[in-house]
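In what follows, a structure is listed as structure tokens, so that the remarks can point back to it.
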Amino acid sequence: MKEKVYIETSIISYLTSRLSRDLIVAAQQQVTQEWWENRRSHFDLYVSQLVIQEAEKGDEEAAAERISTLEEIPVIEMRIEVLELAEKFISSRSLPKKASDDALHIAISTIYGLDYLLTWNCKHIANAEIQKKLARISLEEGYEIPIICTPYELMGE
């Protein structure tokens, strides 16, 4: 059985956007493309309606490309438990209110018991200090947060 990966919006954005002039972002885009081409078939991928909503924003042509990339990926439903866990992440001050969508991404992948949450959002999602707090809250609620990582960390051997 394949492990399950939640694909957060930043992955789709990096995958489909023009190559950045910023060397770090360009390297991250390249790693994302490499992961997509060589590693994604090793996993079952999932997104949420929130990923689709975020991917639809911005430039029409770029949004269309992002949405096209998402077409083959199953969409998992937003359940009340997701909203409740995300609210606990915010109310505990583990995440700021302005990161409520980030809290939802983490809560979705947690409630559904996915193995990984793949992201380039290192401010609020792939952040070790925040993850430690969220792991404790999740455990108190009877859940285990997924391994939250960037494509670098999910490249295999």
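Every chain in the structure tokens has a letter given in the order shown (A, B, ...), and although residue numbers restart at 1 in each chain, ligands are simply numbered from 1 in the order shown.
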Problem set entry | All helix (DSSP H, G or I) residues (DSSP, backbone) inside stretch 3-117 of chain A, as a PyMOL selection string | chain A and resi 9-16+23-38+40-42+49-55+60-70+80-91+97-111
Looking only at the backbone, which of the residues in stretch 32-154 of chain A does DSSP tag as strand (DSSP E), as a PyMOL selection string?
chain A and resi 43-48+75-76+116-118+147-149
Exercise: stretch 115-131 of chain A partners within 8 Å, only C-alpha atoms, chain neighbours under 3 positions left out, as a compact mmCIF listing (two decimals) with C-alpha atoms, in the first residue's frame:
# COMPACT_ATOMS: atom_id res chain seq x y z
CA GLU A 3 1.78 6.18 1.63
CA LYS A 4 -0.59 9.15 1.39
CA VAL A 5 0.54 12.71 0.70
CA TYR A 6 -1.48 15.90 1.07
CA ILE A 7 -0.34 18.36 -1.59
CA GLU A 8 -0.56 21.91 -0.20
CA THR A 9 -1.09 24.80 -2.63
CA SER A 10 2.53 26.05 -2.62
CA ILE A 11 3.62 22.79 -4.29
CA SER A 94 0.22 27.89 18.07
CA LEU A 95 -0.65 29.60 14.79
CA ALA A 99 -2.66 31.60 9.22
CA ASP A 102 -2.54 26.98 7.01
CA ALA A 103 -4.22 25.59 10.14
CA ILE A 106 -2.60 20.82 8.68
CA SER A 109 -4.11 16.06 6.63
CA LEU A 134 0.53 21.24 16.86
CA ALA A 135 1.63 17.65 17.48
CA PRO A 146 1.53 13.86 9.41
CA ILE A 147 5.19 14.36 8.67
CA ILE A 148 5.26 17.90 7.32
CA CYS A 149 8.03 18.38 4.78
CA THR A 150 9.25 19.90 1.54
CA PRO A 151 9.92 17.89 -1.61
Can you list every residue of stretch 52-157 of chain A that has an atom at most 8 Å from stretch 22-36 of chain A, with its nearest atom pair and the distance in Å to one decimal, using only C-alpha atoms, ordered by chain then number, as a tab-separated table?
residue	atom	partner	partner_atom	distance
A:Pro151	CA	A:Thr32	CA	5.9
A:Tyr152	CA	A:Val31	CA	6.7
A:Leu154	CA	A:Trp35	CA	7.9
A:Met155	CA	A:Trp35	CA	6.4
Would you mind exporting N, CA and C atoms of the selected residues as an mmCIF file, in the first residue's frame?
data_model
loop_
_atom_site.group_PDB
_atom_site.id
_atom_site.type_symbol
_atom_site.label_atom_id
_atom_site.label_comp_id
_atom_site.auth_asym_id
_atom_site.auth_seq_id
_atom_site.Cartn_x
_atom_site.Cartn_y
_atom_site.Cartn_z
ATOM 1 N N PRO A 151 9.518 18.959 -0.687
ATOM 2 C CA PRO A 151 9.919 17.893 -1.615
ATOM 3 C C PRO A 151 11.364 17.397 -1.413
ATOM 4 N N TYR A 152 12.265 18.284 -0.932
ATOM 5 C CA TYR A 152 13.639 17.849 -0.643
ATOM 6 C C TYR A 152 13.635 16.632 0.257
ATOM 7 N N LEU A 154 11.324 14.445 0.782
ATOM 8 C CA LEU A 154 10.524 13.300 0.352
ATOM 9 C C LEU A 154 11.041 12.740 -0.978
ATOM 10 N N MET A 155 12.340 12.928 -1.199
ATOM 11 C CA MET A 155 12.963 12.479 -2.448
ATOM 12 C C MET A 155 13.339 11.007 -2.449
#
Give me the residues within 12 Å of A:Tyr143 as a PyMOL selection string, counting only C-alpha atoms and dropping any in the same chain fewer than 6 places off. chain A and resi 81-82+85+106-114+134-137
Please, could you write that set of residues out with N, CA and C atoms as a short mmCIF file (atom, residue, chain, number, x, y, z; two decimals), in the first residue's frame?
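In the end it all went to result26.cif:
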data_model
loop_
_atom_site.label_atom_id
_atom_site.label_comp_id
_atom_site.auth_asym_id
_atom_site.auth_seq_id
_atom_site.Cartn_x
_atom_site.Cartn_y
_atom_site.Cartn_z
N GLU A 81 -14.74 17.95 12.09
CA GLU A 81 -13.56 17.68 12.93
C GLU A 81 -12.34 18.49 12.47
N VAL A 82 -12.25 18.71 11.17
CA VAL A 82 -11.16 19.51 10.60
C VAL A 82 -11.26 20.95 11.12
N LEU A 85 -10.37 21.11 14.87
CA LEU A 85 -8.94 20.99 15.14
C LEU A 85 -8.20 22.25 14.71
N ILE A 106 -3.19 21.75 7.71
CA ILE A 106 -2.60 20.82 8.68
C ILE A 106 -3.70 19.95 9.30
N ALA A 107 -4.82 20.57 9.65
CA ALA A 107 -5.92 19.82 10.27
C ALA A 107 -6.51 18.79 9.30
N ILE A 108 -6.67 19.15 8.05
CA ILE A 108 -7.20 18.21 7.05
C ILE A 108 -6.32 16.97 6.96
N SER A 109 -5.02 17.20 6.78
CA SER A 109 -4.11 16.06 6.63
C SER A 109 -4.02 15.24 7.92
N THR A 110 -4.23 15.89 9.05
CA THR A 110 -4.19 15.19 10.35
C THR A 110 -5.45 14.36 10.55
N ILE A 111 -6.60 14.96 10.38
CA ILE A 111 -7.88 14.27 10.60
C ILE A 111 -8.01 13.05 9.68
N TYR A 112 -7.54 13.18 8.46
CA TYR A 112 -7.63 12.07 7.51
C TYR A 112 -6.50 11.05 7.66
N GLY A 113 -5.60 11.28 8.60
CA GLY A 113 -4.54 10.31 8.87
C GLY A 113 -3.55 10.13 7.73
N LEU A 114 -3.29 11.20 7.00
CA LEU A 114 -2.34 11.10 5.89
C LEU A 114 -0.92 11.01 6.45
N LEU A 134 1.69 21.83 17.52
CA LEU A 134 0.53 21.24 16.86
C LEU A 134 0.46 19.73 17.12
N ALA A 135 1.60 19.09 17.20
CA ALA A 135 1.63 17.65 17.48
C ALA A 135 1.05 17.37 18.85
N ARG A 136 1.39 18.21 19.82
CA ARG A 136 0.87 18.04 21.18
C ARG A 136 -0.65 18.21 21.21
N ILE A 137 -1.14 19.25 20.55
CA ILE A 137 -2.58 19.50 20.50
C ILE A 137 -3.29 18.35 19.80
#
Next on the checklist: So that I can check the surroundings of A:Leu50, please list as number ranges by chain every protein, DNA and RNA residue that reaches within 9 Å of it, counting only C-alpha atoms and ignoring chain neighbours fewer than 6 positions away.
Outcome noted: A: 9, 78, 101, 104-105
Suppose we keep C-alpha atoms; can you now write the selection as a compact mmCIF listing (two decimals), in the first residue's frame?
# COMPACT_ATOMS: atom_id res chain seq x y z
CA THR A 9 -1.09 24.80 -2.63
CA MET A 78 -13.82 19.27 4.77
CA ASP A 101 -5.89 28.50 6.02
CA LEU A 104 -6.88 24.04 7.91
CA HIS A 105 -4.30 22.37 5.65
